[in-house]
$ cat structure-v9.csv   # CSV, C-alpha atoms
chain,number,residue,atom,x,y,z
J,10,MET,CA,60.0,-32.9,82.6
J,11,LYS,CA,63.2,-31.7,84.2
J,12,LEU,CA,63.4,-29.0,86.9
J,13,SER,CA,65.0,-26.6,84.4
J,14,ASP,CA,62.0,-27.0,82.1
J,15,TYR,CA,59.6,-26.1,84.9
J,16,LYS,CA,61.8,-23.1,85.6
J,17,ILE,CA,61.3,-21.8,82.1
J,18,PHE,CA,57.5,-22.5,82.4
J,19,PHE,CA,57.3,-20.4,85.6
J,20,ALA,CA,59.3,-17.6,84.0
J,21,ALA,CA,57.0,-17.5,80.9
J,22,VAL,CA,53.9,-17.4,83.2
J,23,GLY,CA,55.5,-14.6,85.2
J,24,LEU,CA,56.3,-12.5,82.1
J,25,THR,CA,52.8,-13.0,80.7
J,26,GLY,CA,51.2,-12.0,84.0
J,27,ILE,CA,53.3,-8.9,84.3
J,28,LEU,CA,52.3,-7.8,80.8
J,29,LEU,CA,48.6,-8.4,81.5
J,30,ILE,CA,48.7,-6.5,84.8
J,31,ALA,CA,50.7,-3.6,83.2
J,32,SER,CA,48.4,-3.5,80.0
J,33,PRO,CA,46.3,-0.4,81.2
J,34,VAL,CA,49.5,1.7,81.4
J,35,LEU,CA,51.1,0.1,78.3
J,36,GLY,CA,47.9,0.9,76.3
J,37,VAL,CA,48.4,4.6,77.1
J,38,ILE,CA,52.1,4.7,76.2
J,39,VAL,CA,52.2,2.4,73.2
J,40,HIS,CA,50.5,3.8,70.1
J,41,PHE,CA,49.7,1.3,67.4
J,42,PRO,CA,50.1,2.5,63.8
J,43,ARG,CA,46.8,3.8,62.2
J,44,GLY,CA,45.4,2.8,58.8
J,45,GLU,CA,45.3,5.2,55.9
J,46,MET,CA,43.9,8.6,56.7
J,47,PHE,CA,41.7,10.3,54.0
J,48,SER,CA,38.5,12.2,53.4
J,49,GLU,CA,35.5,11.2,51.2
J,50,LEU,CA,33.4,13.4,49.0
J,51,TYR,CA,30.3,12.0,47.2
J,52,ILE,CA,27.2,13.0,45.4
J,53,LEU,CA,23.9,11.2,45.3
J,54,GLY,CA,20.8,11.7,43.0
J,55,PRO,CA,17.4,12.9,44.1
J,56,GLY,CA,16.5,9.5,45.6
J,57,ARG,CA,19.7,9.5,47.7
J,58,MET,CA,21.2,6.8,45.5
J,59,ALA,CA,24.0,7.0,43.0
J,60,GLU,CA,21.6,7.2,40.1
J,61,ASN,CA,19.1,9.5,38.3
J,62,PHE,CA,21.5,12.4,38.4
J,63,PRO,CA,20.1,15.5,36.6
J,64,PHE,CA,21.5,15.9,33.1
J,65,ASN,CA,19.0,17.7,30.8
J,66,ILE,CA,18.5,21.0,32.6
J,67,ALA,CA,15.7,23.3,31.6
J,68,VAL,CA,15.9,27.0,32.4
J,69,GLY,CA,13.8,27.9,35.4
J,70,GLU,CA,13.4,24.4,36.7
J,71,VAL,CA,14.7,23.4,40.1
J,72,TYR,CA,16.8,20.2,40.5
J,73,HIS,CA,18.3,18.6,43.5
J,74,VAL,CA,21.0,16.3,44.5
J,75,TYR,CA,22.7,15.3,47.8
J,76,VAL,CA,26.3,16.2,48.4
J,77,GLY,CA,28.2,14.6,51.3
J,78,ALA,CA,31.6,14.2,52.9
J,79,ARG,CA,33.0,11.7,55.4
J,80,ASN,CA,36.0,12.1,57.7
J,81,HIS,CA,38.6,9.3,58.0
J,82,MET,CA,41.5,11.5,59.2
J,83,GLY,CA,41.7,10.0,62.7
J,84,GLN,CA,40.6,13.3,64.4
J,85,SER,CA,38.2,16.2,63.9
J,86,ALA,CA,38.6,18.1,60.7
J,87,TYR,CA,37.4,21.4,59.2
J,88,TYR,CA,36.1,21.2,55.7
J,89,VAL,CA,34.7,23.4,53.0
J,90,ILE,CA,32.8,22.2,49.9
J,91,TYR,CA,33.0,24.8,47.1
J,92,VAL,CA,30.4,24.6,44.4
J,93,LYS,CA,31.5,26.0,41.1
J,94,PHE,CA,29.9,26.3,37.7
J,95,GLY,CA,31.5,26.3,34.3
J,96,SER,CA,31.2,25.1,30.7
J,97,ASN,CA,32.6,21.6,29.9
J,98,LEU,CA,35.6,23.4,28.4
J,99,ASP,CA,36.7,24.9,31.7
J,100,PRO,CA,39.4,22.9,33.4
J,101,LEU,CA,38.5,20.5,36.1
J,102,PRO,CA,40.5,20.1,39.3
J,103,ASN,CA,43.8,18.2,38.7
J,104,VAL,CA,44.2,15.5,41.3
J,105,THR,CA,47.7,14.6,40.0
J,106,SER,CA,49.1,18.1,40.8
J,107,GLY,CA,46.6,18.7,43.6
J,108,THR,CA,45.3,21.9,42.1
J,109,PRO,CA,41.6,23.0,42.3
J,110,SER,CA,39.6,24.3,39.3
J,111,PRO,CA,40.4,27.9,38.5
J,112,LEU,CA,36.7,28.7,38.4
J,113,PRO,CA,35.5,31.1,41.2
J,114,PRO,CA,33.5,29.5,44.0
J,115,LEU,CA,29.8,30.3,44.1
J,116,PHE,CA,28.1,28.5,46.9
J,117,GLU,CA,29.9,26.9,49.8
J,118,TYR,CA,29.3,24.6,52.8
J,119,ARG,CA,31.6,25.0,55.8
J,120,PHE,CA,31.5,22.3,58.5
J,121,LEU,CA,33.5,20.4,61.1
J,122,LEU,CA,33.4,16.7,61.3
J,123,SER,CA,34.6,14.4,64.1
J,124,ASP,CA,36.4,11.2,63.1
J,125,GLU,CA,34.3,8.8,61.1
J,126,ALA,CA,31.4,11.3,61.0
J,127,THR,CA,29.4,12.1,57.9
J,128,PHE,CA,28.1,15.4,56.5
J,129,GLU,CA,25.3,15.3,53.9
J,130,ARG,CA,23.1,18.1,52.6
J,131,LYS,CA,20.6,18.6,49.9
J,132,LEU,CA,21.8,20.9,47.1
J,133,ASN,CA,19.0,22.6,45.0
J,134,PHE,CA,20.1,24.3,41.9
J,135,SER,CA,18.4,26.0,39.0
J,136,ILE,CA,19.5,27.9,35.9
J,137,THR,CA,17.3,31.0,36.4
J,138,ASN,CA,18.5,33.1,33.4
J,139,ALA,CA,20.0,32.0,30.1
J,140,ASP,CA,20.1,33.2,26.6
J,141,PHE,CA,20.2,31.1,23.4
J,142,ILE,CA,21.6,33.0,20.4
J,143,ASP,CA,22.1,31.0,17.2
J,144,ASN,CA,24.4,28.2,18.1
J,145,GLN,CA,25.5,29.7,21.4
J,146,SER,CA,24.1,29.7,24.9
J,147,ILE,CA,24.9,32.0,27.8
J,148,VAL,CA,24.0,31.1,31.3
J,149,ASN,CA,23.6,34.4,33.1
J,150,THR,CA,22.5,33.4,36.6
J,151,ILE,CA,22.3,30.2,38.6
J,152,GLU,CA,20.5,29.8,41.9
J,153,ILE,CA,21.9,27.4,44.4
J,154,ASN,CA,19.9,26.7,47.6
J,155,GLY,CA,18.0,29.9,47.2
J,156,VAL,CA,21.0,32.1,46.6
J,157,LYS,CA,21.4,33.7,43.1
J,158,PHE,CA,24.8,34.0,41.5
J,159,ASN,CA,25.8,35.8,38.3
J,160,VAL,CA,28.0,33.5,36.3
J,161,ASP,CA,27.8,34.7,32.6
J,162,LYS,CA,29.1,31.4,31.2
J,163,SER,CA,28.8,30.8,27.5
J,164,ARG,CA,29.0,27.7,25.4
J,165,VAL,CA,28.7,27.0,21.7
J,166,TRP,CA,26.6,24.1,20.5
J,167,ASP,CA,28.4,20.8,20.7
J,168,THR,CA,27.8,18.6,17.7
J,169,GLU,CA,29.1,15.4,19.1
J,170,PRO,CA,27.2,14.7,21.3
J,171,GLN,CA,24.7,17.5,20.6
J,172,GLY,CA,24.0,20.0,23.3
J,173,PHE,CA,25.1,22.9,25.4
J,174,TYR,CA,27.3,21.3,28.0
J,175,TYR,CA,28.2,22.7,31.4
J,176,ARG,CA,29.4,21.3,34.7
J,177,LEU,CA,28.4,21.9,38.3
J,178,ILE,CA,31.6,21.1,40.2
J,179,MET,CA,31.9,20.3,44.0
J,180,GLU,CA,35.4,20.5,45.5
J,181,LEU,CA,36.4,19.4,49.0
J,182,TRP,CA,38.9,21.5,50.8
J,183,ILE,CA,40.4,20.7,54.3
J,184,PHE,CA,42.1,22.9,56.9
J,185,ASN,CA,45.8,22.0,57.3
J,186,ASP,CA,46.8,22.9,60.9
J,187,VAL,CA,50.5,22.8,59.9
J,188,THR,CA,50.2,25.6,57.3
J,189,GLY,CA,47.1,27.2,58.9
J,190,GLN,CA,45.4,27.3,55.5
J,191,MET,CA,42.5,25.7,53.8
J,192,GLU,CA,43.8,23.3,51.1
J,193,PHE,CA,42.3,21.5,48.2
J,194,ALA,CA,41.8,17.9,49.5
J,195,ASN,CA,42.2,16.3,46.1
J,196,ARG,CA,38.5,15.3,46.1
J,197,PHE,CA,35.9,16.5,43.7
J,198,VAL,CA,32.7,15.4,42.0
J,199,TYR,CA,30.7,17.1,39.3
J,200,LEU,CA,27.4,17.0,37.4
J,201,HIS,CA,27.6,17.0,33.7
J,202,LEU,CA,24.7,19.2,32.5
J,203,ASN,CA,23.0,19.8,29.2
J,204,VAL,CA,21.3,23.2,29.4
J,205,THR,CA,18.1,23.2,27.2
J,206,ARG,CA,15.7,25.9,26.3
J,207,ASN,CA,12.4,24.3,27.1
J,208,THR,CA,11.0,21.6,29.4
J,209,SER,CA,13.4,18.9,30.5
J,210,ARG,CA,13.2,15.4,28.9
V,21,MET,CA,32.9,85.8,33.7
V,22,VAL,CA,30.7,85.3,36.7
V,23,LYS,CA,28.8,82.6,34.9
V,24,ARG,CA,32.0,80.7,34.1
V,25,PHE,CA,33.1,81.0,37.7
V,26,VAL,CA,29.7,79.6,38.9
V,27,TYR,CA,29.9,76.7,36.4
V,28,LEU,CA,33.5,75.9,37.6
V,29,VAL,CA,32.4,75.9,41.3
V,30,LEU,CA,29.5,73.6,40.4
V,31,ILE,CA,31.7,71.2,38.6
V,32,VAL,CA,34.2,71.1,41.5
V,33,LEU,CA,31.3,70.4,43.9
V,34,VAL,CA,30.0,67.6,41.8
V,35,LEU,CA,33.4,66.0,41.6
V,36,ALA,CA,34.0,66.4,45.3
V,37,VAL,CA,30.7,64.6,46.1
V,38,ALA,CA,31.5,61.8,43.6
V,39,VAL,CA,35.0,61.2,45.1
V,40,SER,CA,33.6,61.1,48.6
V,41,ARG,CA,31.0,58.5,47.7
V,42,VAL,CA,33.7,56.3,46.1
V,43,ASP,CA,35.8,56.7,49.2
V,44,ASN,CA,32.8,55.6,51.3
V,45,VAL,CA,32.2,52.5,49.2
V,46,VAL,CA,35.9,51.6,49.3
V,47,CYS,CA,35.9,52.0,53.1
V,48,GLN,CA,32.8,49.7,53.4
V,49,VAL,CA,34.5,47.0,51.2
V,50,ASP,CA,37.7,47.3,53.3
V,51,GLU,CA,35.7,47.1,56.5
V,52,ALA,CA,33.8,44.0,55.3
V,53,THR,CA,37.0,42.3,54.1
V,54,ALA,CA,38.8,43.0,57.3
V,55,LYS,CA,35.9,41.8,59.4
V,56,LEU,CA,35.7,38.6,57.4
V,57,GLN,CA,39.4,38.0,57.7
V,58,GLU,CA,39.1,38.5,61.5
V,59,ALA,CA,36.2,36.1,61.6
V,60,ASN,CA,38.2,33.5,59.6
V,61,ALA,CA,41.1,33.9,62.0
V,62,CYS,CA,38.9,33.6,65.1
V,63,PHE,CA,37.2,30.6,63.7
V,64,VAL,CA,40.5,28.8,62.9
V,65,ARG,CA,41.8,29.6,66.4
V,66,ALA,CA,38.7,28.1,67.9
V,67,PHE,CA,39.0,25.0,65.8
V,68,CYS,CA,42.6,24.5,66.8
V,69,ALA,CA,41.7,24.9,70.5
V,70,VAL,CA,39.0,22.2,70.0
V,71,GLU,CA,41.5,20.0,68.3
V,72,GLU,CA,43.9,20.3,71.1
V,73,ALA,CA,41.2,19.6,73.7
V,74,GLU,CA,40.2,16.5,71.7
V,75,GLN,CA,43.9,15.3,71.5
V,76,ALA,CA,44.1,15.8,75.3
V,77,GLY,CA,41.2,13.3,75.7
V,78,ALA,CA,38.3,15.8,76.2
V,79,ASN,CA,34.8,15.2,74.9
V,80,VAL,CA,34.4,18.0,72.3
V,81,SER,CA,31.1,16.9,70.7
V,82,VAL,CA,29.2,19.9,72.2
V,83,LEU,CA,31.9,22.3,71.1
V,84,LEU,CA,31.8,20.9,67.5
V,85,VAL,CA,28.0,21.5,67.4
V,86,GLN,CA,28.5,25.1,68.5
V,87,LEU,CA,31.3,25.7,66.0
V,88,ASN,CA,29.3,24.1,63.2
V,89,ILE,CA,26.7,26.8,63.7
V,90,ALA,CA,29.4,29.4,63.5
V,91,ALA,CA,30.8,27.7,60.4
V,92,ASP,CA,27.4,28.0,58.7
V,93,SER,CA,27.4,31.7,59.4
V,94,LEU,CA,30.9,32.1,58.2
V,95,ALA,CA,30.0,30.4,54.9
V,96,GLY,CA,27.0,32.8,54.6
V,97,ALA,CA,29.3,35.8,55.3
V,98,GLU,CA,31.8,34.6,52.6
V,99,MET,CA,29.0,34.2,50.0
V,100,ALA,CA,27.5,37.6,50.9
V,101,CYS,CA,30.8,39.3,50.5
V,102,ARG,CA,31.3,37.6,47.1
V,103,ARG,CA,27.8,38.8,46.0
V,104,GLY,CA,28.6,42.3,47.2
V,105,ASP,CA,26.1,42.3,50.1
V,106,LEU,CA,28.5,43.9,52.6
V,107,ALA,CA,26.0,44.6,55.4
V,108,ALA,CA,25.0,41.0,55.6
V,109,ALA,CA,28.7,39.9,55.4
V,110,LEU,CA,29.6,42.3,58.3
V,111,ASN,CA,26.7,41.2,60.4
V,112,ARG,CA,27.4,37.5,60.0
V,113,ALA,CA,31.1,37.9,60.5
V,114,GLU,CA,30.5,39.6,63.8
V,115,GLY,CA,28.3,36.7,64.9
V,116,VAL,CA,31.1,34.3,64.0
V,117,ILE,CA,33.7,36.2,66.0
V,118,SER,CA,31.6,36.2,69.1
V,119,ALA,CA,30.7,32.5,68.8
V,120,ALA,CA,34.3,31.5,68.0
V,121,LEU,CA,35.7,33.4,71.0
V,122,ASP,CA,33.3,31.6,73.3
V,123,VAL,CA,34.2,28.2,71.9
V,124,GLU,CA,37.9,28.9,72.1
V,125,ALA,CA,37.6,29.8,75.8
V,126,GLU,CA,35.5,26.7,76.6
V,127,ALA,CA,37.9,24.5,74.7
V,128,ALA,CA,40.9,25.8,76.7
V,129,ALA,CA,39.0,25.1,79.9
V,130,ILE,CA,38.0,21.5,79.1
V,131,LYS,CA,41.5,20.8,77.7
V,132,ALA,CA,43.1,21.8,81.1
V,133,ALA,CA,40.6,19.6,82.9
V,134,ALA,CA,41.3,16.7,80.5
V,135,VAL,CA,45.1,17.0,80.9
V,136,ALA,CA,44.8,17.0,84.7
V,137,GLU,CA,42.4,14.0,84.6
V,138,TYR,CA,44.8,12.1,82.3
V,139,ALA,CA,47.8,12.8,84.5
V,140,ASN,CA,45.8,11.5,87.6
V,141,TYR,CA,44.7,8.4,85.6
V,142,LEU,CA,48.3,7.7,84.4
V,143,ARG,CA,49.7,8.1,87.9
V,144,PHE,CA,47.0,5.9,89.5
V,145,SER,CA,47.4,3.2,86.7
V,146,ALA,CA,51.1,3.2,87.0
V,147,VAL,CA,51.0,2.8,90.8
V,148,LEU,CA,48.3,0.1,90.6
V,149,SER,CA,50.2,-1.8,87.8
V,150,ALA,CA,53.5,-1.6,89.7
V,151,ALA,CA,51.9,-2.9,92.9
V,152,GLY,CA,50.0,-5.6,91.1
V,153,ALA,CA,53.1,-6.7,89.1
V,154,SER,CA,55.2,-6.8,92.3
V,155,ALA,CA,52.6,-8.8,94.2
V,156,PHE,CA,52.3,-11.2,91.3
V,157,VAL,CA,56.1,-11.7,91.0
V,158,ILE,CA,56.5,-12.3,94.8
V,159,ALA,CA,53.6,-14.8,94.8
V,160,LEU,CA,55.1,-16.5,91.8
V,161,TRP,CA,58.5,-16.7,93.5
V,162,PHE,CA,57.0,-18.3,96.6
V,163,GLY,CA,55.1,-20.7,94.4
V,164,TRP,CA,58.3,-21.6,92.6
V,165,LYS,CA,60.1,-22.3,95.9
V,166,ARG,CA,57.3,-24.6,97.1
V,167,PHE,CA,57.1,-26.4,93.8
V,168,LYS,CA,60.9,-26.9,93.7
V,169,HIS,CA,60.8,-28.3,97.3
V,170,TRP,CA,58.0,-30.7,96.4
V,171,TYR,CA,59.8,-31.8,93.2
V,172,VAL,CA,63.0,-32.6,95.0
V,173,GLU,CA,61.1,-34.5,97.7
V,174,LYS,CA,59.3,-36.5,95.1
V,175,LEU,CA,62.6,-37.3,93.4
V,176,LEU,CA,64.3,-38.4,96.6
V,177,ASN,CA,61.3,-40.6,97.7
V,178,ALA,CA,61.2,-42.3,94.4
V,179,GLU,CA,62.0,-46.1,94.5
V,180,PRO,CA,64.2,-47.7,91.9
V,181,LYS,CA,62.3,-50.2,89.8
V,182,VAL,CA,63.8,-53.3,88.2
V,183,VAL,CA,62.8,-53.8,84.6
V,184,ASP,CA,63.1,-57.3,82.8
V,185,GLN,CA,65.2,-57.2,79.7

$ encode --input "structure-v9.csv" --output "C-alpha cells"
Amino acid sequence: MKLSDYKIFFAAVGLTGILLIASPVLGVIVHFPRGEMFSELYILGPGRMAENFPFNIAVGEVYHVYVGARNHMGQSAYYVIYVKFGSNLDPLPNVTSGTPSPLPPLFEYRFLLSDEATFERKLNFSITNADFIDNQSIVNTIEINGVKFNVDKSRVWDTEPQGFYYRLIMELWIFNDVTGQMEFANRFVYLHLNVTRNTSR
Amino acid sequence: MVKRFVYLVLIVLVLAVAVSRVDNVVCQVDEATAKLQEANACFVRAFCAVEEAEQAGANVSVLLVQLNIAADSLAGAEMACRRGDLAAALNRAEGVISAALDVEAEAAAIKAAAVAEYANYLRFSAVLSAAGASAFVIALWFGWKRFKHWYVEKLLNAEPKVVDQ
C-alpha cells in the first residue's frame, strides 16, 4: 500500500472515532423518524378471547365482555370509550368520513395511557326492561356496569334472519392537544345482539 | 266579589310558587353543567401539563395514576349529569377539579426539574464529547506522524533486489 492509501485509512479511523465519541450528544440532537402512530380498540368475549361473544340476549340476564384500548401514539394520550346502544338500523360510525355514531353515549370509560400501555376493563350489561308487542320489541332500559340507562329503542321483527336485532357500540375518542377537544379516533367495535323474550339459547 | 278576589290571589300564589321551583331546577342544571365544564377544563389543563413534563424527559407515571383516578370520577360525573343526578355530578366534578389542580402543579414542578437536568446533561455531554474528540484527533495526528516517519525510514533502508528474467 502507498503512503496516500494509509493517509485515507487514518482519516477514516479518525472520522469513525469522532462520531463514536460524539454519539451521546448526537443521540439527543438527531431524532430518527418514528413508525406509524395509532390507537387500538378491541373487544373480547367472557373468556378474554375473541370468541363466544354474547348474541342471543334474554331480558334480565347479565352478560359480560372485555373492552380494551392500546396506545401507539408515541406519547401519553387521553382517551374516552363511549358505549352506545341502538337498533341495527341506527347508523354505525363512519370511518371513511371520521364521524361517530349519532346515538347518544350511555356509559363511558375515561383514562390516560402512556405509550405502548394497555387499558382493559370488564363490561357487564343487561337488558333490564323490554316490551314485546306483536312483531315489535321496545328496549326500555339497559344496565351497564350497574348503571341504568333509559334508551327506549324499538325494533320490528326481522324476517331474514329472524330476530329483534340491536347493537351495543363502543367508540374510541382521543384528546387532540392541537384543537383542545376530544375527537373520534376512527376506532369502534360493536356487539350484534338478538334480544329475546325468555331464556337465552 | 270577595270570593273572586280570594280565588285570584290563590291562583297568583300557586303560579308564583311553580315558577320559582322551575327557576330553582334550571339554576341547579346550570350549576351542574358549569361545574362539569370547569372540571373538564381543569382536567385537560392537568393532562397537557403532564404531557409537557413527559416531553421534557420527566417520569410522569405517578402523575398518570393520579390523573386516572380523576378521569374515573370525571366519567362518573358526566354519566350522572346525563342521567339527571345533578348532586352526584356536582360532587364528583368538585373532586375532579381539586385533583386536577394538584396534578397540574406537580407536573409543572417536575417539568422544570427535568428541563434543568436535561440542560446540565447536554452541557456535560457536549464538553466531554468535545474534549474526547479533541484528544482522539491529537493522538491520531501524533500516531500518523510516527507512522509516516517509520514508513519513509523503511522505504529508504530497503535494498534493491535483482530478479532473474

$ atom_distance --input "structure-v9.csv" --atom1 "CA of Ala153 in chain V" --atom2 "CA of Leu35 in chain J"
12.9 Å

$ interface_residues --input "structure-v9.csv" --of "chain J" --to "chain V" --cutoff "8 Å" --atoms "all atoms listed in the file" --output "CSV table (one decimal) with C-alpha atoms, keeping the file's coordinate frame"
chain,number,residue,atom,x,y,z
J,12,LEU,CA,63.4,-29.0,86.9
J,16,LYS,CA,61.8,-23.1,85.6
J,19,PHE,CA,57.3,-20.4,85.6
J,23,GLY,CA,55.5,-14.6,85.2
J,26,GLY,CA,51.2,-12.0,84.0
J,27,ILE,CA,53.3,-8.9,84.3
J,30,ILE,CA,48.7,-6.5,84.8
J,31,ALA,CA,50.7,-3.6,83.2
J,33,PRO,CA,46.3,-0.4,81.2
J,34,VAL,CA,49.5,1.7,81.4
J,37,VAL,CA,48.4,4.6,77.1
J,84,GLN,CA,40.6,13.3,64.4
J,85,SER,CA,38.2,16.2,63.9
J,87,TYR,CA,37.4,21.4,59.2
J,115,LEU,CA,29.8,30.3,44.1
J,116,PHE,CA,28.1,28.5,46.9
J,117,GLU,CA,29.9,26.9,49.8
J,118,TYR,CA,29.3,24.6,52.8
J,119,ARG,CA,31.6,25.0,55.8
J,120,PHE,CA,31.5,22.3,58.5
J,121,LEU,CA,33.5,20.4,61.1
J,122,LEU,CA,33.4,16.7,61.3
J,123,SER,CA,34.6,14.4,64.1
J,158,PHE,CA,24.8,34.0,41.5
J,186,ASP,CA,46.8,22.9,60.9
J,189,GLY,CA,47.1,27.2,58.9

$ atom_distance --input "structure-v9.csv" --atom1 "CA of Ile38 in chain J" --atom2 "CA of Asn79 in chain V"
20.3 Å

$ closest_residue --input "structure-v9.csv" --among "J:Ser13, J:Asn159, J:Thr108, J:Asn195" --to "Trp182 in chain J" --atoms "all atoms listed in the file"
J:Asn195

$ residues_around --input "structure-v9.csv" --residues "Gly107 in chain J" --least-positions-apart "4" --cutoff "9 Å" --atoms "all atoms listed in the file" --output "list in words"
Pro102, Asn103, Phe193, Ala194 and Asn195 of chain J

$ atom_distance --input "structure-v9.csv" --atom1 "CA of Ala59 in chain V" --atom2 "CA of Val89 in chain J"
15.4 Å

$ residues_around --input "structure-v9.csv" --residues "Ala133 in chain V" --least-positions-apart "2" --cutoff "12 Å" --atoms "all atoms listed in the file" --output "list in words"
Ala73, Glu74, Ala76, Gly77, Ala78, Asn79, Glu126, Ala127, Ala128, Ala129, Ile130, Lys131, Val135, Ala136, Glu137, Tyr138, Ala139 and Asn140 of chain V

$ residues_around --input "structure-v9.csv" --residues "range 125-140 of chain J" --least-positions-apart "3" --cutoff "7 Å" --atoms "all atoms listed in the file" --output "list of chain:residue names"
J:Val68, J:Gly69, J:Glu70, J:Val71, J:Tyr72, J:His73, J:Val74, J:Tyr75, J:Val76, J:Gly77, J:Ala78, J:Arg79, J:Asn80, J:His81, J:Leu122, J:Ser146, J:Ile147, J:Val148, J:Asn149, J:Thr150, J:Ile151, J:Glu152, J:Ile153, J:Asn154

$ decode --input "structure-v9.csv" --residues "range 137-150 of chain V" --atoms "N, CA, C and O atoms" --output "mmCIF file, in the first residue's frame"
data_model
loop_
_atom_site.group_PDB
_atom_site.id
_atom_site.type_symbol
_atom_site.label_atom_id
_atom_site.label_comp_id
_atom_site.auth_asym_id
_atom_site.auth_seq_id
_atom_site.Cartn_x
_atom_site.Cartn_y
_atom_site.Cartn_z
ATOM 1 N N GLU V 137 -32.300 19.500 34.462
ATOM 2 C CA GLU V 137 -31.448 18.295 34.424
ATOM 3 C C GLU V 137 -30.982 18.019 32.996
ATOM 4 O O GLU V 137 -29.817 17.678 32.764
ATOM 5 N N TYR V 138 -31.884 18.194 32.043
ATOM 6 C CA TYR V 138 -31.555 17.955 30.641
ATOM 7 C C TYR V 138 -30.497 18.937 30.154
ATOM 8 O O TYR V 138 -29.559 18.556 29.450
ATOM 9 N N ALA V 139 -30.639 20.205 30.535
ATOM 10 C CA ALA V 139 -29.674 21.227 30.122
ATOM 11 C C ALA V 139 -28.282 20.893 30.677
ATOM 12 O O ALA V 139 -27.281 20.999 29.970
ATOM 13 N N ASN V 140 -28.244 20.481 31.941
ATOM 14 C CA ASN V 140 -26.963 20.092 32.565
ATOM 15 C C ASN V 140 -26.348 18.911 31.853
ATOM 16 O O ASN V 140 -25.144 18.883 31.585
ATOM 17 N N TYR V 141 -27.196 17.917 31.558
ATOM 18 C CA TYR V 141 -26.723 16.706 30.873
ATOM 19 C C TYR V 141 -26.172 17.047 29.500
ATOM 20 O O TYR V 141 -25.100 16.555 29.114
ATOM 21 N N LEU V 142 -26.886 17.909 28.783
ATOM 22 C CA LEU V 142 -26.456 18.288 27.425
ATOM 23 C C LEU V 142 -25.117 19.026 27.468
ATOM 24 O O LEU V 142 -24.206 18.743 26.679
ATOM 25 N N ARG V 143 -25.005 19.943 28.426
ATOM 26 C CA ARG V 143 -23.763 20.710 28.585
ATOM 27 C C ARG V 143 -22.603 19.778 28.907
ATOM 28 O O ARG V 143 -21.547 19.832 28.287
ATOM 29 N N PHE V 144 -22.796 18.911 29.888
ATOM 30 C CA PHE V 144 -21.768 17.969 30.325
ATOM 31 C C PHE V 144 -21.370 17.045 29.175
ATOM 32 O O PHE V 144 -20.173 16.829 28.923
ATOM 33 N N SER V 145 -22.375 16.522 28.451
ATOM 34 C CA SER V 145 -22.106 15.616 27.323
ATOM 35 C C SER V 145 -21.345 16.335 26.227
ATOM 36 O O SER V 145 -20.401 15.785 25.658
ATOM 37 N N ALA V 146 -21.736 17.575 25.933
ATOM 38 C CA ALA V 146 -21.084 18.330 24.861
ATOM 39 C C ALA V 146 -19.617 18.590 25.210
ATOM 40 O O ALA V 146 -18.718 18.404 24.371
ATOM 41 N N VAL V 147 -19.372 18.976 26.464
ATOM 42 C CA VAL V 147 -17.985 19.270 26.893
ATOM 43 C C VAL V 147 -17.147 17.995 26.854
ATOM 44 O O VAL V 147 -16.018 17.979 26.323
ATOM 45 N N LEU V 148 -17.716 16.928 27.384
ATOM 46 C CA LEU V 148 -16.994 15.646 27.413
ATOM 47 C C LEU V 148 -16.713 15.143 25.999
ATOM 48 O O LEU V 148 -15.599 14.684 25.696
ATOM 49 N N SER V 149 -17.721 15.251 25.118
ATOM 50 C CA SER V 149 -17.559 14.803 23.736
ATOM 51 C C SER V 149 -16.507 15.635 23.027
ATOM 52 O O SER V 149 -15.657 15.100 22.297
ATOM 53 N N ALA V 150 -16.548 16.964 23.227
ATOM 54 C CA ALA V 150 -15.576 17.840 22.570
ATOM 55 C C ALA V 150 -14.157 17.525 23.055
ATOM 56 O O ALA V 150 -13.225 17.402 22.245
#
